[in-house]
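Single-structure report; data block below.
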Amino acid sequence: MRRGASILQTMKEKPVYPAILLGLLSLLAAGLLGGGNLSTREEIKRRLEEDLRISIAQVVPEDLHDNNLIQSSFVMNGPGGLPTVIYQGMRNGKITAVAYSVISYGYSGKIDTIMAVDPEGKILGVRVLSHTETPGLGDKIEASKSDWVLGFSGLSLDAPPAEQWAVKKDGGHFDQFSGATITPRAVVKAVKSGLDFFQKNKDKLLTPVTEQIAGSSS
Amino acid sequence: MSITFKEQARQGIWDNNIVFSQRLALCPLLAVTGTATNGLGMGLATTGVLMASGMAVSLLRKSVPQDVRIPSFILIIATIVTLVDMALNAWMHELYKVLGLFIPLIVTNCSLLGRAEAFASKNSVRHSAIDGLMIGLGFTLVLVVLGAVREIIGSGTLFANASLLLGDLFSFLTITIIPDYKGFLLFILPPGGFIALGFLIAGKHYLEEYMKNRTAASKNAPVVFDRIAPSGAD
């Protein structure tokens, strides 16, 4: 013990010692983190997939599809031009629902919304996945706080007509919240852009991903 | 070290409380204490990291030279926090969705480096573990009390979503204090946290003053307040 301590003492006096120590510590840290990553990676992936499945299930009714939407998905330039994952709900080999997320910017940052549309372009459902709007005012876009967002179900580009796709304050069809106009305005605009996106890319969106020609993209 | 367990407990939880006395760690404090449950989760995670990092630092204290101690401690703390982050994400995912944003912030919680520097680098592994536990419990206490005050005033409930943190067994903890409450926005937002924290600190001072007067009257013994304030702030 004493001998080990004295060796350590002489080692410590060498100028290179701190560098070696830091190097060894870094190696140890990297090893621990690598091990941690290996043992949690699969589980985290499963959890994230589950989250995704739950949020898709909110907008695509269970009885409308018999496939796994996460497996029949592909990426294309979505509303707003950003690469977006498109999920296709199929029943008996025919597409019954198309789900994708739409991003908008509200009063204080990004509002992440998921929406699903049936083959005729009618909205099956809209849900806000994440946002940072003011609690108590703008957060009424959450389905758990208010049923405002449920009001989108069944609507399409024709009903209400395109110029009515705005909050009442702007002469449109949708309610705003008392004290918060910017948030619902952003969500309405986002859903409208989602419908426009569907209208424009109908052919591709309604072709099952298994039949799409590999390598083609819009 | 002659410091006793009881003394360490008293120091960590009350006399030298990381928030009430040292005024450290305010950034994660104000961010997560919207509800008592979030406060409890954050407090327990921080306690775990404090204990683990205290033990690791203490174990290496003899081989880490003075010049490179800060990068070494930071490396140890960051590694432990990242491991906790991954573990929570994998095995307590519901809680992670609430606290996820704040777990990496534990690294920036200066109480960790503060304790590593002021205590663990000078004391045995056992004492460092106890110190981490006590400082962590003191922090948890503040988080839960502040979270409870803000939650009751802000949204009229107590321990909402407790089952996410502790499992379904503990869903009885969730109480609606004020039914049909419209909510008080200020207390949900960070400024309300600041205001509530001010009142809590004032309350602690009042209590101490009261206790001091009582002991002084009965025993005439001096009461020494020990405050260790590491340099640097959040």
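Just remember, in the structure tokens the first chain shown is A, the second B, etc., residues are 1-based per chain, and ligands are 1-based in the order shown.
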Just asking: which residues within range 1-216 of chain A are strand (DSSP E) according to DSSP, as number ranges by chain?
A: 73-77, 83-91, 94-106, 109-117, 123-130
Could you list, as an MDAnalysis selection string, every residue of chain A that has an atom within 10 Å of an atom of chain B, counting only C-alpha atoms?
chainID A and resid 5 8:9 11:13 17:19 21:23 25:26 28:30 32:37 39:48 51 134:137
Restricting the output to N, CA and C atoms, write the selected residues as a compact mmCIF listing (two decimals), in the first residue's frame.
```
# COMPACT_ATOMS: atom_id res chain seq x y z
N ALA A 5 1.48 4.02 -2.90
CA ALA A 5 1.24 5.45 -2.67
C ALA A 5 2.46 6.27 -3.06
N LEU A 8 2.69 6.52 -6.79
CA LEU A 8 1.71 7.51 -7.22
C LEU A 8 2.23 8.92 -7.00
N GLN A 9 2.91 9.08 -5.84
CA GLN A 9 3.45 10.40 -5.51
C GLN A 9 4.49 10.85 -6.54
N MET A 11 4.79 9.73 -9.59
CA MET A 11 4.07 9.91 -10.86
C MET A 11 3.44 11.29 -10.92
N LYS A 12 2.83 11.66 -9.81
CA LYS A 12 2.07 12.91 -9.78
C LYS A 12 2.95 14.12 -10.02
N GLU A 13 4.25 13.97 -9.69
CA GLU A 13 5.13 15.13 -9.85
C GLU A 13 5.56 15.33 -11.29
N TYR A 17 1.71 13.92 -16.05
CA TYR A 17 0.70 13.18 -15.29
C TYR A 17 -0.74 13.68 -15.49
N PRO A 18 -0.99 15.01 -15.39
CA PRO A 18 -2.37 15.47 -15.57
C PRO A 18 -2.95 15.08 -16.92
N ALA A 19 -2.11 15.14 -17.96
CA ALA A 19 -2.59 14.79 -19.30
C ALA A 19 -3.00 13.33 -19.36
N LEU A 21 -3.83 11.44 -16.86
CA LEU A 21 -5.01 11.24 -16.02
C LEU A 21 -6.29 11.65 -16.75
N LEU A 22 -6.25 12.83 -17.38
CA LEU A 22 -7.44 13.30 -18.11
C LEU A 22 -7.78 12.35 -19.24
N GLY A 23 -6.72 11.85 -19.92
CA GLY A 23 -6.94 10.91 -21.01
C GLY A 23 -7.61 9.64 -20.51
N LEU A 25 -9.36 9.26 -17.75
CA LEU A 25 -10.72 9.57 -17.31
C LEU A 25 -11.67 9.66 -18.50
N SER A 26 -11.18 10.30 -19.59
CA SER A 26 -12.02 10.44 -20.78
C SER A 26 -12.34 9.07 -21.36
N LEU A 28 -12.45 6.25 -19.77
CA LEU A 28 -13.40 5.61 -18.86
C LEU A 28 -14.81 6.14 -19.11
N ALA A 29 -14.92 7.47 -19.22
CA ALA A 29 -16.23 8.08 -19.46
C ALA A 29 -16.81 7.58 -20.77
N ALA A 30 -15.97 7.54 -21.82
CA ALA A 30 -16.45 7.10 -23.12
C ALA A 30 -16.93 5.65 -23.05
N LEU A 32 -18.11 4.06 -20.38
CA LEU A 32 -19.37 4.02 -19.63
C LEU A 32 -20.53 4.47 -20.50
N LEU A 33 -20.30 5.57 -21.22
CA LEU A 33 -21.39 6.11 -22.05
C LEU A 33 -21.73 5.16 -23.18
N GLY A 34 -20.69 4.54 -23.76
CA GLY A 34 -20.94 3.57 -24.82
C GLY A 34 -21.76 2.40 -24.30
N GLY A 35 -21.38 1.90 -23.13
CA GLY A 35 -22.14 0.80 -22.53
C GLY A 35 -23.57 1.21 -22.24
N GLY A 36 -23.73 2.41 -21.69
CA GLY A 36 -25.07 2.91 -21.39
C GLY A 36 -25.91 3.03 -22.64
N ASN A 37 -25.31 3.53 -23.68
CA ASN A 37 -26.02 3.69 -24.95
C ASN A 37 -26.45 2.33 -25.49
N SER A 39 -27.03 -0.41 -23.88
CA SER A 39 -28.05 -1.11 -23.12
C SER A 39 -29.39 -0.39 -23.13
N THR A 40 -29.43 0.88 -23.53
CA THR A 40 -30.72 1.58 -23.54
C THR A 40 -31.25 1.85 -24.94
N ARG A 41 -30.40 1.67 -25.95
CA ARG A 41 -30.77 2.11 -27.31
C ARG A 41 -32.07 1.46 -27.79
N GLU A 42 -32.14 0.14 -27.66
CA GLU A 42 -33.31 -0.59 -28.17
C GLU A 42 -34.58 -0.14 -27.45
N GLU A 43 -34.44 -0.04 -26.12
CA GLU A 43 -35.58 0.34 -25.31
C GLU A 43 -36.07 1.74 -25.68
N ILE A 44 -35.14 2.68 -25.85
CA ILE A 44 -35.51 4.05 -26.18
C ILE A 44 -36.20 4.08 -27.54
N LYS A 45 -35.67 3.31 -28.48
CA LYS A 45 -36.27 3.26 -29.81
C LYS A 45 -37.72 2.76 -29.72
N ARG A 46 -37.90 1.70 -28.91
CA ARG A 46 -39.25 1.15 -28.74
C ARG A 46 -40.19 2.18 -28.14
N ARG A 47 -39.68 2.91 -27.14
CA ARG A 47 -40.53 3.91 -26.47
C ARG A 47 -40.94 5.02 -27.42
N LEU A 48 -39.97 5.47 -28.23
CA LEU A 48 -40.27 6.56 -29.16
C LEU A 48 -41.29 6.11 -30.20
N ASP A 51 -44.64 6.17 -28.64
CA ASP A 51 -45.15 7.55 -28.60
C ASP A 51 -45.78 7.92 -29.93
N THR A 134 -48.71 29.96 -24.19
CA THR A 134 -48.95 30.36 -22.80
C THR A 134 -49.95 29.44 -22.11
N PRO A 135 -49.58 28.86 -20.96
CA PRO A 135 -50.54 28.03 -20.23
C PRO A 135 -51.76 28.86 -19.84
N GLY A 136 -52.92 28.30 -20.00
CA GLY A 136 -54.14 29.00 -19.60
C GLY A 136 -54.73 29.86 -20.69
N LEU A 137 -53.94 30.22 -21.70
CA LEU A 137 -54.48 31.02 -22.80
C LEU A 137 -54.38 30.25 -24.11
```
Please report as a Markdown table every residue of range 92-127 of chain B lying within 8 Å of range 34-48 of chain B, along with the nearest atom pair and their distance in Å (one decimal), using only C-alpha atoms.
```
| residue | atom | partner | partner_atom | distance |
| --- | --- | --- | --- | --- |
| B:Leu95 | CA | B:Gly41 | CA | 7.7 |
| B:Val98 | CA | B:Asn38 | CA | 7.4 |
| B:Leu99 | CA | B:Met42 | CA | 7.0 |
| B:Phe102 | CA | B:Met42 | CA | 7.9 |
| B:Ile103 | CA | B:Met42 | CA | 7.6 |
| B:Ile106 | CA | B:Thr46 | CA | 6.7 |
```
Could you give me, as a ChimeraX atom specification, the residues within 10 Å of Gly81 in chain A, counting only C-alpha atoms and dropping anything in the same chain fewer than 4 positions from it?
/A:76-77,197
Hey, can you spit out that residue selection with C-alpha atoms as a JSON list (two decimals), in the first residue's frame?
```
[["chain", "number", "residue", "atom", "x", "y", "z"],
["A", 76, "MET", "CA", -41.35, 13.56, -48.92],
["A", 77, "ASN", "CA", -41.32, 17.34, -48.92],
["A", 197, "PHE", "CA", -50.51, 19.86, -49.52]]
```
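The spacing separating CA of Leu50 in chain B from CA of Gly31 in chain A amounts to 21.0 Å.
Straight-line separation from CA of Glu209 in chain B to CA of Glu151 in chain B: 28.3 Å.
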